[in-house]
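Pasting coords34.cif here (mmCIF, C-alpha atoms):
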data_structure
loop_
_atom_site.group_PDB
_atom_site.id
_atom_site.type_symbol
_atom_site.label_atom_id
_atom_site.label_comp_id
_atom_site.auth_asym_id
_atom_site.auth_seq_id
_atom_site.Cartn_x
_atom_site.Cartn_y
_atom_site.Cartn_z
ATOM 1 C CA MET D 204 0.838 33.474 -3.749
ATOM 2 C CA VAL D 205 -1.437 34.065 -6.705
ATOM 3 C CA LEU D 206 -0.837 32.221 -9.968
ATOM 4 C CA ALA D 207 -2.975 33.696 -12.713
ATOM 5 C CA ALA D 208 -5.170 31.398 -14.775
ATOM 6 C CA GLU D 209 -3.165 32.139 -17.908
ATOM 7 C CA GLN D 210 0.051 31.202 -16.121
ATOM 8 C CA ARG D 211 -1.409 27.912 -14.944
ATOM 9 C CA ALA D 212 -2.561 27.234 -18.490
ATOM 10 C CA ALA D 213 0.937 28.025 -19.724
ATOM 11 C CA LEU D 214 2.484 25.508 -17.325
ATOM 12 C CA LEU D 215 -0.024 22.834 -18.305
ATOM 13 C CA ALA D 216 0.784 23.449 -21.986
ATOM 14 C CA TRP D 217 4.492 23.249 -21.202
ATOM 15 C CA GLY D 218 3.863 19.996 -19.363
ATOM 16 C CA GLU D 219 2.105 18.490 -22.382
ATOM 17 C CA ARG D 220 5.177 19.187 -24.505
ATOM 18 C CA HIS D 221 7.799 18.069 -21.994
ATOM 19 C CA ARG D 222 6.153 15.263 -19.987
ATOM 20 C CA ARG D 223 8.557 12.434 -19.228
ATOM 21 C CA ASP D 224 7.318 8.967 -20.146
ATOM 22 C CA LEU D 225 7.777 7.238 -16.795
ATOM 23 C CA LEU D 226 6.389 3.765 -16.149
ATOM 24 C CA TRP D 227 4.265 4.771 -13.171
ATOM 25 C CA ARG D 228 2.610 7.493 -15.256
ATOM 26 C CA ARG D 229 1.040 4.800 -17.438
ATOM 27 C CA THR D 230 -1.142 3.432 -14.657
ATOM 28 C CA ARG D 231 -3.785 4.582 -12.216
ATOM 29 C CA ASP D 232 -3.547 1.416 -10.108
ATOM 30 C CA PRO D 233 -3.325 2.686 -6.497
ATOM 31 C CA TRP D 234 -1.015 -0.159 -5.389
ATOM 32 C CA ALA D 235 1.400 0.423 -8.285
ATOM 33 C CA ILE D 236 1.369 4.168 -7.594
ATOM 34 C CA LEU D 237 2.060 3.577 -3.908
ATOM 35 C CA VAL D 238 4.981 1.277 -4.753
ATOM 36 C CA SER D 239 6.490 3.851 -7.111
ATOM 37 C CA GLU D 240 6.161 6.696 -4.632
ATOM 38 C CA VAL D 241 7.759 4.738 -1.784
ATOM 39 C CA MET D 242 10.609 3.723 -4.097
ATOM 40 C CA LEU D 243 11.136 7.293 -5.294
ATOM 41 C CA GLN D 244 11.683 8.616 -1.776
ATOM 42 C CA GLN D 245 15.324 9.794 -1.747
ATOM 43 C CA THR D 246 16.163 7.613 -4.757
ATOM 44 C CA GLN D 247 16.916 8.654 -8.340
ATOM 45 C CA ILE D 248 14.495 7.711 -11.098
ATOM 46 C CA ALA D 249 17.121 5.756 -13.043
ATOM 47 C CA ARG D 250 17.630 3.415 -10.081
ATOM 48 C CA VAL D 251 13.921 3.002 -9.468
ATOM 49 C CA ILE D 252 12.806 2.012 -12.977
ATOM 50 C CA PRO D 253 14.229 -1.550 -13.099
ATOM 51 C CA ARG D 254 13.329 -2.314 -9.473
ATOM 52 C CA TYR D 255 9.785 -0.967 -9.912
ATOM 53 C CA THR D 256 9.159 -3.331 -12.797
ATOM 54 C CA ALA D 257 10.708 -6.319 -11.024
ATOM 55 C CA PHE D 258 8.920 -5.607 -7.736
ATOM 56 C CA LEU D 259 5.495 -5.429 -9.389
ATOM 57 C CA GLN D 260 6.200 -8.595 -11.330
ATOM 58 C CA GLU D 261 6.814 -10.353 -8.027
ATOM 59 C CA PHE D 262 4.124 -8.498 -6.060
ATOM 60 C CA PRO D 263 1.498 -7.272 -8.552
ATOM 61 C CA THR D 264 -1.007 -6.655 -5.751
ATOM 62 C CA ALA D 265 -0.960 -5.854 -2.068
ATOM 63 C CA PHE D 266 -2.311 -9.360 -1.471
ATOM 64 C CA ASP D 267 0.832 -10.857 -3.060
ATOM 65 C CA CYS D 268 3.139 -8.664 -1.020
ATOM 66 C CA ALA D 269 1.296 -9.238 2.259
ATOM 67 C CA ALA D 270 1.339 -13.016 1.769
ATOM 68 C CA ALA D 271 5.088 -13.167 1.188
ATOM 69 C CA PRO D 272 7.745 -13.165 3.915
ATOM 70 C CA VAL D 273 9.103 -9.683 4.596
ATOM 71 C CA ALA D 274 12.512 -11.110 3.646
ATOM 72 C CA GLU D 275 11.282 -11.411 0.056
ATOM 73 C CA ALA D 276 10.277 -7.745 -0.011
ATOM 74 C CA ILE D 277 13.717 -6.781 1.305
ATOM 75 C CA ARG D 278 15.396 -8.922 -1.354
ATOM 76 C CA ALA D 279 13.253 -7.327 -4.048
ATOM 77 C CA TRP D 280 14.410 -3.922 -2.791
ATOM 78 C CA ASP D 281 18.030 -4.670 -3.703
ATOM 79 C CA GLY D 282 19.695 -1.651 -5.312
ATOM 80 C CA LEU D 283 17.350 1.005 -3.959
ATOM 81 C CA GLY D 284 18.880 1.755 -0.558
ATOM 82 C CA TYR D 285 17.010 2.862 2.558
ATOM 83 C CA ASN D 286 15.889 -0.743 2.961
ATOM 84 C CA ARG D 287 13.587 0.142 5.858
ATOM 85 C CA ARG D 288 11.147 1.326 3.192
ATOM 86 C CA ALA D 289 10.727 -2.288 2.050
ATOM 87 C CA VAL D 290 9.693 -3.293 5.572
ATOM 88 C CA HIS D 291 7.236 -0.404 5.742
ATOM 89 C CA LEU D 292 5.782 -1.271 2.344
ATOM 90 C CA HIS D 293 5.371 -4.908 3.331
ATOM 91 C CA ARG D 294 3.586 -3.907 6.537
ATOM 92 C CA CYS D 295 1.545 -1.420 4.545
ATOM 93 C CA ALA D 296 0.426 -4.234 2.228
ATOM 94 C CA GLN D 297 -0.675 -6.250 5.262
ATOM 95 C CA VAL D 298 -2.714 -3.326 6.578
ATOM 96 C CA LEU D 299 -4.286 -2.790 3.158
ATOM 97 C CA VAL D 300 -5.376 -6.426 3.094
ATOM 98 C CA GLU D 301 -6.588 -6.391 6.689
ATOM 99 C CA ARG D 302 -8.494 -3.092 6.597
ATOM 100 C CA HIS D 303 -8.963 -1.802 3.039
ATOM 101 C CA GLY D 304 -9.759 -4.730 0.773
ATOM 102 C CA GLY D 305 -6.219 -4.908 -0.559
ATOM 103 C CA SER D 306 -6.019 -1.461 -2.152
ATOM 104 C CA PRO D 307 -4.876 1.977 -0.958
ATOM 105 C CA PRO D 308 -7.989 3.885 0.148
ATOM 106 C CA HIS D 309 -9.309 6.996 -1.594
ATOM 107 C CA ASP D 310 -9.124 8.922 1.666
ATOM 108 C CA LEU D 311 -6.359 11.173 2.988
ATOM 109 C CA PRO D 312 -6.699 10.425 6.743
ATOM 110 C CA ALA D 313 -6.789 6.667 6.041
ATOM 111 C CA LEU D 314 -3.734 6.899 3.797
ATOM 112 C CA LEU D 315 -1.826 8.817 6.463
ATOM 113 C CA LYS D 316 -2.403 5.957 8.922
ATOM 114 C CA LEU D 317 -0.586 3.463 6.678
ATOM 115 C CA PRO D 318 2.934 2.412 7.761
ATOM 116 C CA GLY D 319 5.613 4.575 6.173
ATOM 117 C CA VAL D 320 3.115 6.873 4.426
ATOM 118 C CA GLY D 321 3.504 10.578 5.124
ATOM 119 C CA PRO D 322 1.812 13.708 3.763
ATOM 120 C CA TYR D 323 3.674 13.664 0.449
ATOM 121 C CA THR D 324 3.084 9.987 -0.363
ATOM 122 C CA ALA D 325 -0.570 10.125 0.691
ATOM 123 C CA ARG D 326 -1.289 13.082 -1.569
ATOM 124 C CA ALA D 327 0.693 11.547 -4.411
ATOM 125 C CA VAL D 328 -1.610 8.514 -4.291
ATOM 126 C CA LEU D 329 -4.657 10.783 -4.341
ATOM 127 C CA ALA D 330 -3.347 12.830 -7.272
ATOM 128 C CA PHE D 331 -1.783 10.099 -9.398
ATOM 129 C CA ALA D 332 -4.074 7.139 -8.731
ATOM 130 C CA PHE D 333 -7.398 8.921 -8.160
ATOM 131 C CA GLU D 334 -6.639 12.170 -10.059
ATOM 132 C CA ASP D 335 -7.790 14.320 -7.141
ATOM 133 C CA ASP D 336 -7.156 18.060 -7.235
ATOM 134 C CA VAL D 337 -4.590 18.116 -4.439
ATOM 135 C CA GLY D 338 -1.116 19.598 -4.431
ATOM 136 C CA VAL D 339 1.788 17.167 -4.135
ATOM 137 C CA VAL D 340 4.750 18.833 -2.427
ATOM 138 C CA ASP D 341 8.137 17.142 -2.525
ATOM 139 C CA THR D 342 11.479 18.882 -2.055
ATOM 140 C CA ASN D 343 11.548 20.054 -5.692
ATOM 141 C CA VAL D 344 8.014 21.408 -5.706
ATOM 142 C CA GLY D 345 8.715 23.100 -2.375
ATOM 143 C CA ARG D 346 11.617 24.896 -4.036
ATOM 144 C CA VAL D 347 9.409 26.094 -6.908
ATOM 145 C CA LEU D 348 6.653 27.327 -4.594
ATOM 146 C CA ALA D 349 9.105 29.308 -2.466
ATOM 147 C CA ARG D 350 10.592 30.956 -5.551
ATOM 148 C CA TRP D 351 7.211 31.785 -7.009
ATOM 149 C CA SER D 352 6.186 33.248 -3.626
ATOM 150 C CA GLY D 353 9.454 35.148 -3.284
ATOM 151 C CA ARG D 354 9.998 34.044 0.322
ATOM 152 C CA ARG D 355 10.491 31.066 2.569
ATOM 153 C CA LEU D 356 7.436 28.958 3.219
ATOM 154 C CA GLY D 357 6.521 26.847 6.220
ATOM 155 C CA ALA D 358 5.282 23.311 5.624
ATOM 156 C CA ALA D 359 1.604 24.126 6.165
ATOM 157 C CA GLU D 360 1.756 27.223 3.977
ATOM 158 C CA ALA D 361 3.572 25.363 1.199
ATOM 159 C CA GLN D 362 0.887 22.662 1.212
ATOM 160 C CA ALA D 363 -1.950 25.179 1.276
ATOM 161 C CA THR D 364 -0.344 27.074 -1.600
ATOM 162 C CA ALA D 365 0.092 23.898 -3.616
ATOM 163 C CA ASP D 366 -3.549 22.929 -3.066
ATOM 164 C CA ALA D 367 -4.824 26.386 -3.984
ATOM 165 C CA ILE D 368 -3.142 26.595 -7.392
ATOM 166 C CA VAL D 369 -4.207 23.208 -8.795
ATOM 167 C CA PRO D 370 -6.439 23.934 -11.811
ATOM 168 C CA PRO D 371 -9.865 22.338 -11.205
ATOM 169 C CA GLY D 372 -10.132 18.918 -12.821
ATOM 170 C CA ALA D 373 -6.437 18.787 -13.712
ATOM 171 C CA GLY D 374 -4.808 17.355 -10.570
ATOM 172 C CA TRP D 375 -2.904 14.590 -12.363
ATOM 173 C CA LEU D 376 -1.737 16.761 -15.266
ATOM 174 C CA TRP D 377 -0.825 19.710 -13.055
ATOM 175 C CA ASN D 378 1.299 17.808 -10.557
ATOM 176 C CA GLN D 379 3.142 15.902 -13.285
ATOM 177 C CA ALA D 380 3.824 19.157 -15.116
ATOM 178 C CA LEU D 381 5.090 20.741 -11.901
ATOM 179 C CA PHE D 382 7.416 17.795 -11.228
ATOM 180 C CA ASP D 383 8.875 17.983 -14.733
ATOM 181 C CA PHE D 384 9.168 21.770 -14.526
ATOM 182 C CA ALA D 385 11.089 21.508 -11.245
ATOM 183 C CA ALA D 386 13.391 18.850 -12.699
ATOM 184 C CA GLY D 387 14.057 20.567 -16.024
ATOM 185 C CA VAL D 388 13.635 24.337 -15.601
ATOM 186 C CA CYS D 389 13.388 25.513 -11.989
ATOM 187 C CA THR D 390 16.354 23.403 -10.927
ATOM 188 C CA ARG D 391 18.214 23.683 -7.649
ATOM 189 C CA ARG D 392 21.335 25.030 -9.330
ATOM 190 C CA ARG D 393 21.293 27.266 -12.422
ATOM 191 C CA PRO D 394 17.532 27.568 -12.913
ATOM 192 C CA ARG D 395 16.612 28.397 -16.501
ATOM 193 C CA CYS D 396 14.482 31.430 -15.724
ATOM 194 C CA ALA D 397 14.519 32.654 -19.333
ATOM 195 C CA GLN D 398 12.649 29.479 -20.335
ATOM 196 C CA CYS D 399 10.109 29.597 -17.502
ATOM 197 C CA PRO D 400 6.526 29.529 -18.801
ATOM 198 C CA VAL D 401 5.220 31.259 -15.669
ATOM 199 C CA ARG D 402 7.951 33.855 -15.201
ATOM 200 C CA PRO D 403 5.511 36.804 -15.045
ATOM 201 C CA SER D 404 3.997 35.307 -11.883
ATOM 202 C CA CYS D 405 7.330 34.517 -10.196
ATOM 203 C CA ARG D 406 8.351 36.973 -7.507
ATOM 204 C CA TRP D 407 11.982 35.803 -7.518
ATOM 205 C CA GLN D 408 12.887 35.455 -11.208
ATOM 206 C CA GLY D 409 16.446 34.463 -10.337
ATOM 207 C CA GLN D 410 17.277 37.792 -8.711
ATOM 208 C CA GLY D 411 18.866 38.116 -5.284
ATOM 209 C CA HIS D 412 18.856 35.564 -2.472
ATOM 210 C CA ASP D 413 17.123 32.308 -3.361
ATOM 211 C CA PRO D 414 14.012 32.110 -1.132
ATOM 212 C CA ALA D 415 14.042 28.315 -1.460
ATOM 213 C CA GLU D 416 17.040 28.139 0.864
ATOM 214 C CA GLY D 417 15.746 27.145 4.265
ATOM 215 C CA SER D 418 12.159 26.827 3.063
ATOM 216 C CA ALA D 419 10.152 23.943 4.517
ATOM 217 C CA GLY D 420 10.686 20.638 2.780
ATOM 218 C CA VAL D 421 13.494 21.890 0.553
ATOM 219 C CA SER D 422 16.497 19.615 0.789
ATOM 220 C CA GLY D 423 19.848 21.058 1.719
ATOM 221 C CA GLY D 424 21.663 18.009 0.402
ATOM 222 C CA GLN D 425 22.282 14.643 1.973
ATOM 223 C CA SER D 426 25.069 13.923 4.387
ATOM 224 C CA ARG D 427 28.140 12.105 3.099
ATOM 225 C CA PHE D 428 27.389 8.457 2.292
ATOM 226 C CA GLU D 429 30.928 7.093 1.980
ATOM 227 C CA GLY D 430 32.006 5.709 5.339
ATOM 228 C CA SER D 431 28.639 6.432 6.969
ATOM 229 C CA ASP D 432 26.456 4.153 9.067
ATOM 230 C CA ARG D 433 24.010 4.158 6.132
ATOM 231 C CA GLN D 434 26.670 2.575 3.965
ATOM 232 C CA GLY D 435 27.376 -0.054 6.603
ATOM 233 C CA ARG D 436 23.659 -0.792 6.976
ATOM 234 C CA GLY D 437 23.383 -1.283 3.241
ATOM 235 C CA ARG D 438 26.342 -3.656 3.197
ATOM 236 C CA LEU D 439 24.919 -5.698 6.049
ATOM 237 C CA VAL D 440 21.534 -6.019 4.354
ATOM 238 C CA ALA D 441 23.270 -6.985 1.105
ATOM 239 C CA ALA D 442 25.135 -9.750 2.959
ATOM 240 C CA LEU D 443 21.899 -10.933 4.579
ATOM 241 C CA ARG D 444 20.200 -11.136 1.201
ATOM 242 C CA ARG D 445 22.778 -13.816 0.370
ATOM 243 C CA GLY D 446 22.088 -15.797 3.534
ATOM 244 C CA PRO D 447 22.569 -15.976 7.331
ATOM 245 C CA LEU D 448 25.331 -13.837 8.813
ATOM 246 C CA PRO D 449 27.094 -14.807 12.062
ATOM 247 C CA ARG D 450 27.531 -11.843 14.369
ATOM 248 C CA SER D 451 31.285 -12.483 14.312
ATOM 249 C CA GLU D 452 31.321 -11.690 10.573
ATOM 250 C CA ALA D 453 29.258 -8.513 10.794
ATOM 251 C CA ALA D 454 32.206 -6.120 11.018
ATOM 252 C CA ALA D 455 33.781 -7.479 7.847
ATOM 253 C CA ALA D 456 30.442 -7.504 6.035
ATOM 254 C CA ALA D 457 29.811 -3.878 7.010
ATOM 255 C CA GLY D 458 33.246 -2.853 5.721
ATOM 256 C CA TRP D 459 34.635 -2.075 9.186
ATOM 257 C CA PRO D 460 36.809 -5.121 10.057
ATOM 258 C CA GLU D 461 38.695 -3.086 12.676
ATOM 259 C CA ASP D 462 35.552 -1.731 14.349
ATOM 260 C CA PRO D 463 33.305 -4.604 15.515
ATOM 261 C CA ALA D 464 31.604 -2.379 18.087
ATOM 262 C CA ARG D 465 30.319 -0.065 15.368
ATOM 263 C CA ALA D 466 29.098 -3.011 13.302
ATOM 264 C CA ALA D 467 27.319 -4.462 16.345
ATOM 265 C CA ARG D 468 25.594 -1.123 16.963
ATOM 266 C CA VAL D 469 24.431 -0.845 13.347
ATOM 267 C CA LEU D 470 23.272 -4.464 13.340
ATOM 268 C CA ALA D 471 21.291 -3.781 16.513
ATOM 269 C CA GLY D 472 19.700 -0.801 14.769
ATOM 270 C CA LEU D 473 18.621 -3.024 11.898
ATOM 271 C CA GLU D 474 17.128 -5.425 14.416
ATOM 272 C CA ASP D 475 15.232 -2.586 16.119
ATOM 273 C CA ASP D 476 13.860 -1.538 12.729
ATOM 274 C CA GLY D 477 12.480 -5.015 12.099
ATOM 275 C CA MET D 478 14.852 -5.699 9.225
ATOM 276 C CA VAL D 479 16.990 -8.329 10.916
ATOM 277 C CA VAL D 480 16.439 -11.207 13.328
ATOM 278 C CA VAL D 481 19.341 -12.384 15.490
ATOM 279 C CA ASP D 482 18.932 -15.825 17.062
ATOM 280 C CA ASP D 483 20.323 -17.128 20.358
ATOM 281 C CA GLU D 484 23.465 -18.300 18.598
ATOM 282 C CA GLY D 485 24.191 -14.764 17.366
ATOM 283 C CA THR D 486 23.341 -15.456 13.725
ATOM 284 C CA ALA D 487 21.476 -12.734 11.850
ATOM 285 C CA THR D 488 18.930 -13.384 9.097
ATOM 286 C CA LEU D 489 16.307 -11.408 7.278
ATOM 287 C CA PRO D 490 12.907 -11.647 9.018
ATOM 288 C CA ASP D 491 10.883 -14.736 8.064
ATOM 289 C CA ALA D 492 13.746 -15.832 5.807
ATOM 290 C CA GLY D 493 13.035 -19.476 6.467
ATOM 291 C CA ARG D 494 9.270 -19.276 6.120
#
Have the structure of the file written as structure tokens, please.
Amino acid sequence: MVLAAEQRAALLAWGERHRRDLLWRRTRDPWAILVSEVMLQQTQIARVIPRYTAFLQEFPTAFDCAAAPVAEAIRAWDGLGYNRRAVHLHRCAQVLVERHGGSPPHDLPALLKLPGVGPYTARAVLAFAFEDDVGVVDTNVGRVLARWSGRRLGAAEAQATADAIVPPGAGWLWNQALFDFAAGVCTRRRPRCAQCPVRPSCRWQGQGHDPAEGSAGVSGGQSRFEGSDRQGRGRLVAALRRGPLPRSEAAAAAGWPEDPARAARVLAGLEDDGMVVVDDEGTATLPDAGR
């Protein structure tokens, strides 16, 4: 895919006019950027904003997070869902302290070795903390790239395309503009093609089959949450935030009082993920809760 220089300039100009004032866009602190990106994984911005502020007040540096019990990180994650991310972030903080002087490194391979950090998060840190000229491809950007290309893209091709079209010296501005463009113009449903600042370079232009469908990294929608194991996991973690939970009360806490076997299986999954400790008496607690 080729995006002409004038089209890239047009998107950057659009981004200047429409940039959202998000808290994590006001900083270049690598730890704060990492926290925001982990929180934003599969979670809406409106839910992240209050927890981001509270989490950084409690853990302003990786040193603070690493020194605290993992139970405190899980408690601070309340309201965000996918609580395993809190465990990964806590472990990540420990690795940063042990190996990187307490700050996310300015190095892609090193970032990719951090717990819970994948290709998207690693590149987001490079672009938003260090302002590197790298493409940051989430599900929304993947959708835009496929539409601009006019065909489905594999993961490697989508990343290579994203890297190739970053205007030199404008990595931070470009990726933020692309995020806002995907959220406000090139939306999943009813894209506003008439308002697209780069329409001349788009090979789809809203006509025919949407090439984003089935393209690498483009979400097809989450599975139903109501009644799912994810919902039960969340309820169990919420109960554990309040204090120890006897195994005999797990089914009620998970919302499945008539299905203790399912609750036991989900509780065991939490234990395998390092989010729960069950003692010899069968009482579950958050890890290091008594430290």
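Minimum distance to Trp280 (chain D) across D:Met478, D:Val340, D:Leu311, D:Met242 (counting all atoms listed in the file) occurs at D:Met242.
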Neighbouring residues of region 246-255 of chain D were defined as those with any atom within 10 Å, considering only C-alpha atoms; residues of the same chain fewer than 2 positions away were excluded. Please report them as a PDB file with C-alpha atoms, in the frame of the given file.
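The new file part.pdb reads:
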ATOM      1  CA  LEU D 225       7.777   7.238 -16.795  1.00  0.00           C
ATOM      2  CA  LEU D 226       6.389   3.765 -16.149  1.00  0.00           C
ATOM      3  CA  TRP D 227       4.265   4.771 -13.171  1.00  0.00           C
ATOM      4  CA  ALA D 235       1.400   0.423  -8.285  1.00  0.00           C
ATOM      5  CA  VAL D 238       4.981   1.277  -4.753  1.00  0.00           C
ATOM      6  CA  SER D 239       6.490   3.851  -7.111  1.00  0.00           C
ATOM      7  CA  GLU D 240       6.161   6.696  -4.632  1.00  0.00           C
ATOM      8  CA  VAL D 241       7.759   4.738  -1.784  1.00  0.00           C
ATOM      9  CA  MET D 242      10.609   3.723  -4.097  1.00  0.00           C
ATOM     10  CA  LEU D 243      11.136   7.293  -5.294  1.00  0.00           C
ATOM     11  CA  GLN D 244      11.683   8.616  -1.776  1.00  0.00           C
ATOM     12  CA  ALA D 257      10.708  -6.319 -11.024  1.00  0.00           C
ATOM     13  CA  PHE D 258       8.920  -5.607  -7.736  1.00  0.00           C
ATOM     14  CA  LEU D 259       5.495  -5.429  -9.389  1.00  0.00           C
ATOM     15  CA  GLN D 260       6.200  -8.595 -11.330  1.00  0.00           C
ATOM     16  CA  ALA D 279      13.253  -7.327  -4.048  1.00  0.00           C
ATOM     17  CA  TRP D 280      14.410  -3.922  -2.791  1.00  0.00           C
ATOM     18  CA  ASP D 281      18.030  -4.670  -3.703  1.00  0.00           C
ATOM     19  CA  GLY D 282      19.695  -1.651  -5.312  1.00  0.00           C
ATOM     20  CA  LEU D 283      17.350   1.005  -3.959  1.00  0.00           C
ATOM     21  CA  GLY D 284      18.880   1.755  -0.558  1.00  0.00           C
ATOM     22  CA  TYR D 285      17.010   2.862   2.558  1.00  0.00           C
TER      23      TYR D 285
END
Test item: the PyMOL selection byres ((chain D and resi 269-271) around 12) resolved as a PyMOL selection string
chain D and resi 261-268+272-279+289-301+305-306+490-494
Hey, which of D:Gln362, D:Pro307, D:Glu484, D:Ala349 ends up closest to Tyr323 (chain D)? Count only C-alpha atoms.
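Of all the options, D:Gln362 lies closest to Tyr323 (chain D).
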Nearest to Gln408 (chain D): which of D:Val440, D:Leu237, D:Ala327, D:Val388 is it, counting all atoms listed in the file?
D:Val388
Around the point (-0.7, 29.3, -20.6) in the file's coordinates, collect all residues with an atom within 12 Å, using all atoms listed in the file, and return them as a PDB file with C-alpha atoms, keeping the file's coordinate frame.
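Saved file point-v7.pdb follows:
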ATOM      1  CA  LEU D 206      -0.837  32.221  -9.968  1.00  0.00           C
ATOM      2  CA  ALA D 207      -2.975  33.696 -12.713  1.00  0.00           C
ATOM      3  CA  ALA D 208      -5.170  31.398 -14.775  1.00  0.00           C
ATOM      4  CA  GLU D 209      -3.165  32.139 -17.908  1.00  0.00           C
ATOM      5  CA  GLN D 210       0.051  31.202 -16.121  1.00  0.00           C
ATOM      6  CA  ARG D 211      -1.409  27.912 -14.944  1.00  0.00           C
ATOM      7  CA  ALA D 212      -2.561  27.234 -18.490  1.00  0.00           C
ATOM      8  CA  ALA D 213       0.937  28.025 -19.724  1.00  0.00           C
ATOM      9  CA  LEU D 214       2.484  25.508 -17.325  1.00  0.00           C
ATOM     10  CA  LEU D 215      -0.024  22.834 -18.305  1.00  0.00           C
ATOM     11  CA  ALA D 216       0.784  23.449 -21.986  1.00  0.00           C
ATOM     12  CA  TRP D 217       4.492  23.249 -21.202  1.00  0.00           C
ATOM     13  CA  GLY D 218       3.863  19.996 -19.363  1.00  0.00           C
ATOM     14  CA  GLU D 219       2.105  18.490 -22.382  1.00  0.00           C
ATOM     15  CA  PRO D 370      -6.439  23.934 -11.811  1.00  0.00           C
ATOM     16  CA  CYS D 399      10.109  29.597 -17.502  1.00  0.00           C
ATOM     17  CA  PRO D 400       6.526  29.529 -18.801  1.00  0.00           C
ATOM     18  CA  VAL D 401       5.220  31.259 -15.669  1.00  0.00           C
ATOM     19  CA  ARG D 402       7.951  33.855 -15.201  1.00  0.00           C
ATOM     20  CA  PRO D 403       5.511  36.804 -15.045  1.00  0.00           C
ATOM     21  CA  SER D 404       3.997  35.307 -11.883  1.00  0.00           C
TER      22      SER D 404
END
Find the residue from D:Ala325, D:Asp475, D:Arg391, D:Ala466 that sits nearest to Ala415 (chain D); use only C-alpha atoms when measuring.
D:Arg391
